[in-house]
Structures are given as C-alpha cells and as structure tokens.
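Enquirer: This is coords_1.cif (mmCIF, C-alpha atoms).
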data_final
loop_
_atom_site.group_PDB
_atom_site.id
_atom_site.type_symbol
_atom_site.label_atom_id
_atom_site.label_comp_id
_atom_site.auth_asym_id
_atom_site.auth_seq_id
_atom_site.Cartn_x
_atom_site.Cartn_y
_atom_site.Cartn_z
ATOM 1 C CA MET A 1 0.000 0.000 0.000
ATOM 2 C CA GLY A 2 1.300 3.486 -0.802
ATOM 3 C CA TYR A 3 2.080 5.222 2.468
ATOM 4 C CA SER A 4 3.617 8.669 2.446
ATOM 5 C CA ASP A 5 5.810 9.806 5.311
ATOM 6 C CA GLN A 6 3.063 11.782 7.021
ATOM 7 C CA VAL A 7 0.068 9.576 6.355
ATOM 8 C CA VAL A 8 -1.557 7.226 8.839
ATOM 9 C CA GLY A 9 -4.051 5.089 6.948
ATOM 10 C CA PHE A 10 -6.552 2.531 8.207
ATOM 11 C CA ALA A 11 -5.725 3.321 11.864
ATOM 12 C CA PRO A 12 -7.826 0.910 13.955
ATOM 13 C CA SER A 13 -8.362 3.483 16.688
ATOM 14 C CA ILE A 14 -7.931 7.211 16.895
ATOM 15 C CA GLY A 15 -4.873 8.487 18.700
ATOM 16 C CA LEU A 16 -2.244 6.167 17.210
ATOM 17 C CA TYR A 17 1.015 7.518 15.782
ATOM 18 C CA PRO A 18 3.896 6.049 13.781
ATOM 19 C CA VAL A 19 6.842 5.453 16.120
ATOM 20 C CA SER A 20 9.193 6.861 13.498
ATOM 21 C CA HIS A 21 7.553 10.291 13.678
ATOM 22 C CA LYS A 22 8.659 11.111 17.213
ATOM 23 C CA ASN A 23 9.653 9.552 20.518
ATOM 24 C CA VAL A 24 6.664 10.918 22.387
ATOM 25 C CA CYS A 25 2.969 10.356 21.833
ATOM 26 C CA CYS A 26 0.023 12.671 22.429
ATOM 27 C CA ASN A 27 0.471 15.487 24.948
ATOM 28 C CA ASN A 28 4.242 14.892 24.731
ATOM 29 C CA THR A 29 4.061 11.738 26.871
ATOM 30 C CA PRO A 30 7.405 9.853 26.715
ATOM 31 C CA THR A 31 7.116 6.608 24.777
ATOM 32 C CA LYS A 32 7.984 4.485 27.816
ATOM 33 C CA PHE A 33 4.621 5.557 29.264
ATOM 34 C CA ALA A 34 2.775 4.935 26.009
ATOM 35 C CA LYS A 35 1.136 1.801 24.655
ATOM 36 C CA SER A 36 1.823 0.512 21.148
ATOM 37 C CA THR A 37 -0.286 -1.144 18.479
ATOM 38 C CA THR A 38 0.905 -2.861 15.343
ATOM 39 C CA PHE A 39 -1.374 -2.451 12.301
ATOM 40 C CA MET A 40 -0.661 -3.369 8.671
ATOM 41 C CA GLY A 41 3.026 -3.827 9.457
ATOM 42 C CA ARG A 42 3.522 -0.471 11.228
ATOM 43 C CA THR A 43 3.756 0.294 14.963
ATOM 44 C CA TYR A 44 1.717 3.120 16.470
ATOM 45 C CA LEU A 45 1.791 4.776 19.924
ATOM 46 C CA SER A 46 -0.924 6.266 22.098
ATOM 47 C CA CYS A 47 -0.930 7.516 25.680
ATOM 48 C CA ARG A 48 -2.104 5.104 28.322
ATOM 49 C CA SER A 49 -3.752 8.040 30.035
ATOM 50 C CA CYS A 50 -5.305 9.702 26.964
ATOM 51 C CA PRO A 51 -8.685 8.825 25.428
ATOM 52 C CA THR A 52 -8.343 6.965 22.149
ATOM 53 C CA SER A 53 -10.239 9.765 20.409
ATOM 54 C CA SER A 54 -7.397 12.262 20.853
ATOM 55 C CA TRP A 55 -5.051 13.119 17.967
ATOM 56 C CA SER A 56 -1.795 15.016 18.178
ATOM 57 C CA LYS A 57 -2.051 18.557 16.846
ATOM 58 C CA GLN A 58 1.206 17.896 15.048
ATOM 59 C CA ASP A 59 -0.149 14.932 13.154
ATOM 60 C CA GLY A 60 -3.556 16.403 12.258
ATOM 61 C CA ALA A 61 -7.123 15.231 12.745
ATOM 62 C CA PRO A 62 -8.439 12.047 11.129
ATOM 63 C CA GLY A 63 -9.726 12.577 7.648
ATOM 64 C CA HIS A 64 -7.918 15.885 7.267
ATOM 65 C CA LYS A 65 -5.493 16.683 4.509
ATOM 66 C CA MET A 66 -1.900 17.174 5.585
ATOM 67 C CA ARG A 67 -0.448 20.501 4.517
ATOM 68 C CA GLY A 68 0.922 20.031 1.007
ATOM 69 C CA GLY A 69 0.197 16.303 1.065
ATOM 70 C CA PRO A 70 -2.416 13.567 0.686
ATOM 71 C CA TYR A 71 -5.341 12.771 2.943
ATOM 72 C CA MET A 72 -5.046 11.010 6.292
ATOM 73 C CA VAL A 73 -7.954 8.653 7.000
ATOM 74 C CA ALA A 74 -9.136 7.077 10.203
ATOM 75 C CA SER A 75 -10.495 3.789 8.851
ATOM 76 C CA LYS A 76 -10.906 1.795 5.659
ATOM 77 C CA THR A 77 -14.619 2.682 5.689
ATOM 78 C CA ASP A 78 -13.744 6.364 5.794
ATOM 79 C CA LEU A 79 -11.214 5.853 3.000
ATOM 80 C CA GLU A 80 -13.711 4.033 0.795
ATOM 81 C CA GLN A 81 -16.310 6.776 1.217
ATOM 82 C CA ARG A 82 -13.827 9.560 0.478
ATOM 83 C CA VAL A 83 -12.576 7.826 -2.653
ATOM 84 C CA ARG A 84 -16.174 7.181 -3.795
ATOM 85 C CA THR A 85 -16.927 10.877 -3.381
ATOM 86 C CA ARG A 86 -13.828 11.769 -5.381
ATOM 87 C CA LEU A 87 -14.793 9.300 -8.132
ATOM 88 C CA ILE A 88 -18.272 10.798 -8.381
ATOM 89 C CA LYS A 89 -16.694 14.212 -8.820
ATOM 90 C CA LEU A 90 -14.585 12.763 -11.646
ATOM 91 C CA PHE A 91 -17.658 11.274 -13.337
ATOM 92 C CA GLU A 92 -19.513 14.575 -13.046
ATOM 93 C CA GLN A 93 -16.648 16.342 -14.791
ATOM 94 C CA THR A 94 -15.714 13.585 -17.261
ATOM 95 C CA PRO A 95 -18.319 10.893 -18.067
ATOM 96 C CA CYS A 96 -15.715 8.120 -18.163
ATOM 97 C CA MET A 97 -17.863 5.487 -16.453
ATOM 98 C CA PRO A 98 -17.665 2.910 -19.290
ATOM 99 C CA ILE A 99 -13.873 2.777 -19.451
ATOM 100 C CA MET A 100 -13.684 2.360 -15.663
ATOM 101 C CA VAL A 101 -15.914 -0.706 -15.898
ATOM 102 C CA ARG A 102 -13.698 -2.042 -18.691
ATOM 103 C CA LEU A 103 -10.503 -1.425 -16.707
ATOM 104 C CA ALA A 104 -11.788 -3.322 -13.681
ATOM 105 C CA TRP A 105 -13.215 -6.119 -15.850
ATOM 106 C CA HIS A 106 -9.900 -6.620 -17.628
ATOM 107 C CA ASP A 107 -7.955 -6.680 -14.359
ATOM 108 C CA ALA A 108 -10.330 -9.336 -12.973
ATOM 109 C CA GLY A 109 -10.939 -11.322 -16.167
ATOM 110 C CA THR A 110 -7.432 -12.796 -16.364
ATOM 111 C CA TYR A 111 -8.133 -15.086 -13.415
ATOM 112 C CA ASP A 112 -7.378 -18.780 -13.781
ATOM 113 C CA ALA A 113 -9.113 -20.767 -11.039
ATOM 114 C CA GLN A 114 -6.959 -23.850 -11.629
ATOM 115 C CA THR A 115 -3.577 -22.134 -11.311
ATOM 116 C CA GLY A 116 -4.695 -19.327 -8.992
ATOM 117 C CA THR A 117 -3.019 -16.730 -11.225
ATOM 118 C CA GLY A 118 -4.335 -13.428 -12.552
ATOM 119 C CA GLY A 119 -7.411 -11.718 -11.182
ATOM 120 C CA VAL A 120 -7.987 -8.576 -9.168
ATOM 121 C CA ASN A 121 -4.473 -7.576 -8.147
ATOM 122 C CA GLY A 122 -3.949 -4.356 -10.111
ATOM 123 C CA SER A 123 -1.334 -5.951 -12.381
ATOM 124 C CA ILE A 124 -2.995 -4.331 -15.381
ATOM 125 C CA ARG A 125 -1.200 -1.102 -14.433
ATOM 126 C CA PHE A 126 2.142 -2.606 -15.440
ATOM 127 C CA GLU A 127 3.294 -2.061 -19.021
ATOM 128 C CA PRO A 128 3.516 -5.721 -20.159
ATOM 129 C CA GLU A 129 -0.177 -6.294 -19.391
ATOM 130 C CA LEU A 130 -1.367 -2.818 -20.318
ATOM 131 C CA LYS A 131 0.116 -3.425 -23.772
ATOM 132 C CA HIS A 132 -2.027 -6.515 -24.411
ATOM 133 C CA GLY A 133 -4.209 -5.977 -27.466
ATOM 134 C CA ALA A 134 -7.419 -6.371 -25.456
ATOM 135 C CA ASN A 135 -6.318 -3.495 -23.216
ATOM 136 C CA ASN A 136 -5.881 -0.896 -25.947
ATOM 137 C CA GLY A 137 -6.932 2.501 -24.636
ATOM 138 C CA LEU A 138 -7.047 1.543 -20.963
ATOM 139 C CA LYS A 139 -4.134 3.815 -20.122
ATOM 140 C CA ILE A 140 -6.718 6.604 -20.425
ATOM 141 C CA ALA A 141 -8.577 5.152 -17.443
ATOM 142 C CA PHE A 142 -5.374 4.604 -15.488
ATOM 143 C CA ASP A 143 -4.278 8.199 -16.075
ATOM 144 C CA LEU A 144 -7.661 9.501 -14.895
ATOM 145 C CA LEU A 145 -7.388 7.506 -11.672
ATOM 146 C CA GLU A 146 -3.763 8.285 -10.886
ATOM 147 C CA PRO A 147 -4.491 11.721 -9.312
ATOM 148 C CA ILE A 148 -7.000 10.026 -6.985
ATOM 149 C CA LYS A 149 -4.408 7.410 -6.040
ATOM 150 C CA LYS A 150 -1.918 10.164 -5.220
ATOM 151 C CA GLU A 151 -4.534 12.009 -3.184
ATOM 152 C CA TYR A 152 -5.441 8.841 -1.264
ATOM 153 C CA PRO A 153 -2.273 6.712 -1.293
ATOM 154 C CA ASP A 154 -3.615 4.231 1.260
ATOM 155 C CA ILE A 155 -5.975 2.697 -1.287
ATOM 156 C CA GLY A 156 -4.375 -0.017 -3.381
ATOM 157 C CA TYR A 157 -4.640 -0.082 -7.154
ATOM 158 C CA ALA A 158 -6.634 -3.332 -7.123
ATOM 159 C CA ASP A 159 -9.216 -1.772 -4.789
ATOM 160 C CA LEU A 160 -9.219 1.522 -6.684
ATOM 161 C CA PHE A 161 -9.901 -0.128 -10.053
ATOM 162 C CA GLN A 162 -12.784 -2.208 -8.693
ATOM 163 C CA LEU A 163 -14.224 0.646 -6.625
ATOM 164 C CA ALA A 164 -14.141 2.917 -9.678
ATOM 165 C CA SER A 165 -16.144 0.300 -11.585
ATOM 166 C CA VAL A 166 -18.908 -0.266 -9.027
ATOM 167 C CA THR A 167 -19.166 3.486 -8.399
ATOM 168 C CA ALA A 168 -19.393 4.120 -12.148
ATOM 169 C CA ILE A 169 -22.237 1.625 -12.534
ATOM 170 C CA GLU A 170 -24.193 3.151 -9.681
ATOM 171 C CA PHE A 171 -23.521 6.680 -10.977
ATOM 172 C CA ALA A 172 -24.880 5.590 -14.383
ATOM 173 C CA LYS A 173 -28.200 4.580 -12.737
ATOM 174 C CA GLY A 174 -27.248 0.957 -12.318
ATOM 175 C CA PRO A 175 -27.434 -1.197 -9.179
ATOM 176 C CA LYS A 176 -25.366 -0.680 -6.036
ATOM 177 C CA ILE A 177 -22.858 -3.515 -5.952
ATOM 178 C CA PRO A 178 -21.412 -4.750 -2.645
ATOM 179 C CA PHE A 179 -17.770 -3.863 -2.227
ATOM 180 C CA ARG A 180 -15.039 -4.987 0.133
ATOM 181 C CA MET A 181 -11.730 -3.184 0.631
ATOM 182 C CA GLY A 182 -8.448 -4.989 1.122
ATOM 183 C CA ARG A 183 -7.246 -6.597 -2.128
ATOM 184 C CA LYS A 184 -3.493 -7.074 -2.153
ATOM 185 C CA ASP A 185 -1.711 -5.341 -5.029
ATOM 186 C CA ALA A 186 0.667 -7.082 -7.398
ATOM 187 C CA THR A 187 4.100 -5.591 -6.790
ATOM 188 C CA GLY A 188 5.686 -5.925 -10.210
ATOM 189 C CA PRO A 189 5.362 -6.958 -13.862
ATOM 190 C CA ASP A 190 6.211 -10.575 -13.022
ATOM 191 C CA SER A 191 2.600 -10.871 -11.803
ATOM 192 C CA CYS A 192 1.207 -10.019 -15.248
ATOM 193 C CA PRO A 193 -0.519 -12.984 -16.927
ATOM 194 C CA GLU A 194 0.187 -14.010 -20.479
ATOM 195 C CA GLU A 195 -1.845 -12.392 -23.242
ATOM 196 C CA GLY A 196 -5.014 -14.090 -24.453
ATOM 197 C CA ARG A 197 -7.002 -14.728 -21.267
ATOM 198 C CA LEU A 198 -9.782 -12.215 -21.956
ATOM 199 C CA PRO A 199 -12.901 -12.763 -24.100
ATOM 200 C CA ASN A 200 -12.785 -11.740 -27.755
ATOM 201 C CA ALA A 201 -15.397 -9.855 -29.754
ATOM 202 C CA GLU A 202 -15.534 -12.700 -32.291
ATOM 203 C CA ASP A 203 -15.935 -15.484 -29.718
ATOM 204 C CA HIS A 204 -18.846 -17.870 -30.045
ATOM 205 C CA LEU A 205 -20.499 -19.405 -27.007
ATOM 206 C CA SER A 206 -18.165 -22.402 -26.841
ATOM 207 C CA GLN A 207 -15.160 -20.063 -26.705
ATOM 208 C CA LEU A 208 -16.825 -17.794 -24.151
ATOM 209 C CA ARG A 209 -17.512 -20.836 -22.004
ATOM 210 C CA ARG A 210 -13.865 -21.855 -22.023
ATOM 211 C CA THR A 211 -12.828 -18.348 -20.967
ATOM 212 C CA PHE A 212 -15.460 -17.812 -18.267
ATOM 213 C CA HIS A 213 -15.363 -21.362 -16.893
ATOM 214 C CA ARG A 214 -11.572 -20.984 -16.498
ATOM 215 C CA MET A 215 -12.351 -18.102 -14.131
ATOM 216 C CA GLY A 216 -14.809 -20.261 -12.194
ATOM 217 C CA LEU A 217 -17.815 -18.433 -13.660
ATOM 218 C CA THR A 218 -21.000 -19.926 -15.104
ATOM 219 C CA ASP A 219 -23.164 -19.614 -18.209
ATOM 220 C CA LYS A 220 -25.432 -17.328 -16.214
ATOM 221 C CA ASP A 221 -22.438 -15.106 -15.415
ATOM 222 C CA ILE A 222 -21.492 -15.017 -19.110
ATOM 223 C CA THR A 223 -24.946 -13.784 -20.021
ATOM 224 C CA VAL A 224 -25.587 -11.270 -17.285
ATOM 225 C CA LEU A 225 -22.072 -9.760 -17.354
ATOM 226 C CA SER A 226 -22.432 -9.247 -21.109
ATOM 227 C CA GLY A 227 -25.138 -6.788 -20.116
ATOM 228 C CA ALA A 228 -22.398 -4.358 -19.065
ATOM 229 C CA HIS A 229 -22.115 -3.569 -22.778
ATOM 230 C CA THR A 230 -25.123 -1.358 -22.153
ATOM 231 C CA LEU A 231 -22.448 1.153 -21.071
ATOM 232 C CA GLY A 232 -20.017 2.619 -23.538
ATOM 233 C CA ARG A 233 -19.037 2.065 -27.130
ATOM 234 C CA CYS A 234 -16.301 0.547 -29.268
ATOM 235 C CA HIS A 235 -13.581 2.704 -30.797
ATOM 236 C CA LYS A 236 -12.129 1.578 -34.099
ATOM 237 C CA GLU A 237 -8.576 2.559 -33.189
ATOM 238 C CA ARG A 238 -8.729 0.380 -30.076
ATOM 239 C CA SER A 239 -10.778 -2.684 -31.047
ATOM 240 C CA GLY A 240 -11.374 -2.466 -34.767
ATOM 241 C CA TYR A 241 -15.087 -1.835 -34.157
ATOM 242 C CA GLU A 242 -16.982 1.438 -33.940
ATOM 243 C CA GLY A 243 -20.178 2.439 -32.209
ATOM 244 C CA PRO A 244 -22.337 1.851 -29.114
ATOM 245 C CA TRP A 245 -24.534 -1.129 -28.236
ATOM 246 C CA THR A 246 -27.425 1.055 -27.069
ATOM 247 C CA HIS A 247 -28.969 4.471 -27.707
ATOM 248 C CA GLN A 248 -27.970 5.710 -24.222
ATOM 249 C CA PRO A 249 -24.394 4.466 -23.748
ATOM 250 C CA LEU A 250 -23.880 6.434 -20.533
ATOM 251 C CA GLU A 251 -26.857 4.862 -18.765
ATOM 252 C CA PHE A 252 -26.771 1.415 -17.187
ATOM 253 C CA ASP A 253 -30.019 -0.411 -17.955
ATOM 254 C CA ASN A 254 -31.252 -3.563 -19.718
ATOM 255 C CA SER A 255 -31.429 -2.105 -23.229
ATOM 256 C CA TYR A 256 -28.441 -4.191 -24.393
ATOM 257 C CA PHE A 257 -30.625 -7.300 -24.182
ATOM 258 C CA VAL A 258 -33.546 -5.549 -25.831
ATOM 259 C CA GLU A 259 -31.380 -4.551 -28.788
ATOM 260 C CA ILE A 260 -29.707 -7.900 -29.477
ATOM 261 C CA LEU A 261 -33.118 -9.607 -29.586
ATOM 262 C CA LYS A 262 -34.553 -7.335 -32.276
ATOM 263 C CA PRO A 263 -35.208 -9.165 -35.563
ATOM 264 C CA ASP A 264 -34.555 -5.912 -37.433
ATOM 265 C CA PRO A 265 -31.534 -4.442 -35.650
ATOM 266 C CA ASP A 266 -30.683 -0.770 -35.674
ATOM 267 C CA PRO A 267 -27.766 -0.416 -38.131
ATOM 268 C CA GLY A 268 -26.293 2.305 -35.920
ATOM 269 C CA LEU A 269 -25.811 -0.075 -33.007
ATOM 270 C CA LEU A 270 -23.256 -2.836 -32.471
ATOM 271 C CA ARG A 271 -24.123 -6.527 -32.397
ATOM 272 C CA LEU A 272 -20.859 -8.425 -32.159
ATOM 273 C CA ALA A 273 -20.470 -12.156 -32.709
ATOM 274 C CA SER A 274 -19.956 -12.587 -28.961
ATOM 275 C CA ASP A 275 -23.239 -10.759 -28.306
ATOM 276 C CA LEU A 276 -25.242 -12.846 -30.765
ATOM 277 C CA SER A 277 -23.689 -16.039 -29.414
ATOM 278 C CA LEU A 278 -25.883 -15.634 -26.349
ATOM 279 C CA LEU A 279 -28.832 -16.467 -28.592
ATOM 280 C CA GLU A 280 -27.282 -19.773 -29.772
ATOM 281 C CA ASP A 281 -28.210 -21.747 -26.656
ATOM 282 C CA SER A 282 -31.688 -22.182 -25.186
ATOM 283 C CA TYR A 283 -30.503 -21.501 -21.605
ATOM 284 C CA THR A 284 -28.588 -18.292 -22.351
ATOM 285 C CA ARG A 285 -31.263 -17.110 -24.801
ATOM 286 C CA ASN A 286 -33.919 -17.566 -22.133
ATOM 287 C CA LEU A 287 -31.838 -15.405 -19.784
ATOM 288 C CA VAL A 288 -31.468 -12.727 -22.477
ATOM 289 C CA GLU A 289 -35.245 -12.676 -22.944
ATOM 290 C CA THR A 290 -35.815 -12.502 -19.176
ATOM 291 C CA TYR A 291 -33.406 -9.596 -18.750
ATOM 292 C CA ALA A 292 -34.859 -7.752 -21.756
ATOM 293 C CA ALA A 293 -38.317 -8.012 -20.218
ATOM 294 C CA ASN A 294 -37.438 -7.237 -16.615
ATOM 295 C CA LYS A 295 -34.753 -4.737 -15.606
ATOM 296 C CA ASP A 296 -35.137 -5.571 -11.907
ATOM 297 C CA ILE A 297 -34.217 -9.210 -12.466
ATOM 298 C CA PHE A 298 -31.245 -8.131 -14.586
ATOM 299 C CA PHE A 299 -30.045 -5.748 -11.871
ATOM 300 C CA LYS A 300 -30.380 -8.428 -9.184
ATOM 301 C CA ASP A 301 -28.451 -11.039 -11.172
ATOM 302 C CA TYR A 302 -25.911 -8.524 -12.428
ATOM 303 C CA THR A 303 -25.155 -7.389 -8.883
ATOM 304 C CA GLU A 304 -24.389 -10.972 -7.835
ATOM 305 C CA SER A 305 -22.201 -11.730 -10.855
ATOM 306 C CA HIS A 306 -20.302 -8.443 -10.790
ATOM 307 C CA HIS A 307 -19.620 -8.852 -7.075
ATOM 308 C CA LYS A 308 -18.175 -12.283 -7.818
ATOM 309 C CA LEU A 309 -16.110 -10.901 -10.707
ATOM 310 C CA SER A 310 -14.712 -8.082 -8.568
ATOM 311 C CA GLU A 311 -13.191 -10.553 -6.109
ATOM 312 C CA LEU A 312 -11.749 -13.155 -8.511
ATOM 313 C CA GLY A 313 -8.331 -14.251 -7.292
ATOM 314 C CA ALA A 314 -8.221 -11.639 -4.557
ATOM 315 C CA VAL A 315 -5.643 -12.036 -1.809
ATOM 316 C CA TRP A 316 -7.069 -10.117 1.132
ATOM 317 C CA GLU A 317 -4.829 -7.952 3.305
ATOM 318 C CA TYR A 318 -7.534 -7.404 5.934
#
Go through the file and emit its structure as structure tokens.
Expert:
Amino acid sequence: MGYSDQVVGFAPSIGLYPVSHKNVCCNNTPTKFAKSTTFMGRTYLSCRSCPTSSWSKQDGAPGHKMRGGPYMVASKTDLEQRVRTRLIKLFEQTPCMPIMVRLAWHDAGTYDAQTGTGGVNGSIRFEPELKHGANNGLKIAFDLLEPIKKEYPDIGYADLFQLASVTAIEFAKGPKIPFRMGRKDATGPDSCPEEGRLPNAEDHLSQLRRTFHRMGLTDKDITVLSGAHTLGRCHKERSGYEGPWTHQPLEFDNSYFVEILKPDPDPGLLRLASDLSLLEDSYTRNLVETYAANKDIFFKDYTESHHKLSELGAVWEY
C-alpha cells in the first residue's frame, strides 16, 4: 500500500502515531509511558492516560489533509467513502464510467481458477499487461485515476480499479454492488498474466464458455455480465469496431438485451459475434429474454455476478 511519510491510513483506533515520527505520543508523553499497536506492518503509539479519540495537533485530525500532502484517513470505511466521493466528482466532470468498468473487468478477467493466477491484483497497471491488445486505450482510465491514487495513497490499485467500476455503474443509474476493501496489489510486472485470457469480440459461445469457466464463472455469469455492454461504445482505433450497443451508452439499464433480440436491428448499433452467441443456446437465450423483459431481475443477477467478478483471485490484506 502506498504510504507517504506523514500519512496514517486505516488506523484501527484514533490516537495512534507512527513510532518513526517522534519519541513521544500525544500530549508529549514519553514513549515508555505509552502503549503501542501494530497495524498493517507499522507500529503506532498512544498515551495510556489519553482517550483513544485524541489526535496530536502535530499529526492532524483524522480525515484531514496534511499541509501540502495527501489525505489522512481514520479507517478503511472512511477511505472508501472519500474515494467514492472523489470518483463521483470525476464522473460529473468527465463521463468516463464505461472505461472504468472495462478497466476493472480486464484486471479481474485474467483469473485462472486452476492455477490461482491473474485476477484482481492491479497488475494491469504494469506495461507488459497494459500493452495486451485487449487493453488498448485503458491507459486513459489509469491516467484519470492516478491523481485520486496520489490524493489517497492508502488505497491499493486493485481496490481503486474495482471501486471505480462499481461506483461508475451506480452513478450511471445501475445497481449498487457490494464492495469490500483490502485486495493485495501485485508488486511488479512478473505478476502479469500471459496475453489471451480475456474474451474476444468474435468469440462464439463455446469459446466464451472456455474463458469464463476458467475463471470459475457460469453460463449465467457469461450472459448477465455481457449486459455491461449497455455502457459505452467501441472505438475503431482500439478494437477495430466502432459504435455503441445502445442508444444511451452512458446509462446502465437492460437495453443491451432488448437490442440484441430485435429481428430488425438498428444499423447504428453494435451486435458483435460474442453478443449474438448468447442467442445460440436455449438456456442463455432464455436469460437474455428474461433480462430484456425485466430490468429488476437483470439488476439483481448482475449485482451478484459483478460482485463475484470483482473478487476473482483476490488475496485479502484485511
């Protein structure tokens, strides 16, 4: 996790200080009269005589920004809420919700359940993986998130990518997806998986099954997660395709399923081979028809599948 010299992140109780900052704790109590707590590999001090709600004036109050530096947070819940608020501000200024969903999907979608490699570890930020053909254009998303990471260095990249995705979906009028903080970040490019683990636009259902089943996902997950194409559009310079799947590509709804079922499709909208493959099988086609007819059922099933996706291969730090 990215600590700066003056930041205390995820402190389990108020009034704890890094030992390296000074040899006294609050109210200038000598350290021999202080108690210590170890949290996330760092040792903190607090006075035995002081209430745990007290913070040193030198170190700043919880949740306050250090002068000239990033934010200090008092808990992971506080951190998550502050980063969510910052992401919403980003989306209000730049409607980049679709590419955030894609970034998180591509970080998660490399998971191999048999080998335990890939998945939600933030490795997509490293150049070898970012250069994979399927990830064309995702540096845009990374660059948009980097100022938030610098502002809140205690959030890991793996958490930031997934939190940006679930916040983007909710901001775009989609469902609220459960989220847990604490994914451990990959530390270097050696964690990057080989190219070719992600689904392809030309995949038929048999190929999609191989890819999704490798992750430990099901045919239902294939179908409902395809509904995320309701957000965004393809760009020819990135994928070779051009255009959106729906008429409102910045709104998360069930119109993707409505469109791919139409016998006379709108020529201005995309229908890729991988989209139409969902109609090849009676089980997946029935799901498409159900989701096209009932947005609430789609939202319920999507929430479950996206939650599962967002935790694929996660190694939890807390």
Enquirer: Could you list the residues chosen by the PyMOL selection byres ((chain A and resi 171-173) around 12) in this structure as a ChimeraX atom specification?
Expert: /A:84-85,87-92,95-98,100-101,163-170,174-177,228,230-232,248-254,295,299
Enquirer: Quick one, how far is CA of Ser191 (chain A) from CA of Ser226 (chain A)?
Expert: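 So the answer is 26.8 Å.
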Enquirer: Enter the distance from CA of Tyr157 (chain A) to CA of Arg197 (chain A), in Å, rounded to one decimal.
Expert: 20.5 Å
Enquirer: Give me the result of the PyMOL selection byres ((chain A and resi 308-310) around 10) on this file, residue by residue, as JSON, numbers by chain.
Expert: {"A": [104, 105, 107, 108, 109, 111, 119, 120, 158, 159, 161, 162, 163, 165, 166, 177, 178, 179, 180, 183, 215, 216, 217, 221, 225, 302, 303, 304, 305, 306, 307, 311, 312, 313, 314]}
Enquirer: Neighbours of region 141-148 of chain A within 7 Å (all atoms listed in the file; same-chain residues fewer than 4 positions away dropped), as an NGL selection string?
Expert: :A and (99-100 or 103 or 152)
Enquirer: Keeping only C-alpha atoms, write those residues as a PDB file, in the coordinates of the input.
Expert:
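What ended up in part.pdb:
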ATOM      1  CA  ILE A  99     -13.873   2.777 -19.451  1.00  0.00           C
ATOM      2  CA  MET A 100     -13.684   2.360 -15.663  1.00  0.00           C
ATOM      3  CA  LEU A 103     -10.503  -1.425 -16.707  1.00  0.00           C
ATOM      4  CA  TYR A 152      -5.441   8.841  -1.264  1.00  0.00           C
TER       5      TYR A 152
END
Enquirer: Which residues come within 12 Å of Pro267 (chain A), counting all atoms listed in the file, excluding same-chain residues fewer than 2 positions away, as a count of residues only?
Expert: 15
Enquirer: For the PyMOL selection byres ((chain A and resi 135) around 10), applied here, can you spell out every residue it catches as a ChimeraX atom specification?
Expert: /A:102-103,106-107,124,129-134,136-139,195,198,238-239
Enquirer: Please determine, counting all atoms listed in the file, which residue among A:Arg82, A:Gly118, A:Thr110, A:Glu237 has the shortest atom-to-atom distance to Lys149 (chain A).
Expert: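 Among A:Arg82, A:Gly118, A:Thr110, A:Glu237, it is A:Arg82 that comes nearest to Lys149 (chain A).
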Enquirer: Do you know which residues are at most 12 Å from Lys220 (chain A) counting all atoms listed in the file, after dropping those on the same chain fewer than 2 positions away, and could you put them as number ranges by chain?
Expert: A: 208-209, 212-213, 216-218, 222-227, 278, 281-288, 290-291, 298, 301-302, 304-306
Enquirer: In Å, how far is it from CA of Asp203 (chain A) to CA of Val258 (chain A)?
Expert: 20.6 Å
Enquirer: Could the centre and edge lengths of an axis-aligned box, enclosing all atoms of region 117-124 of chain A in the file with 5 Å extra on each side, be given in Å to one decimal as lines of an AutoDock Vina configuration file?
Expert:
center_x = -4.7
center_y = -10.5
center_z = -11.8
size_x = 16.7
size_y = 22.4
size_z = 17.2
Enquirer: When distances are computed from all atoms listed in the file, which of A:Gly122, A:Pro70, A:Gly240, A:Gly268 shows the smallest separation from Pro153 (chain A)?
Expert: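 Among the listed residues, the smallest separation from Pro153 (chain A) belongs to A:Pro70.
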Enquirer: From the options A:Ile155, A:Met181, A:Asp78, A:Ser123, which residue's atoms come nearest to Glu194 (chain A), counting all atoms listed in the file?
Expert: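 Closest to Glu194 (chain A), using all atoms listed in the file: A:Ser123.
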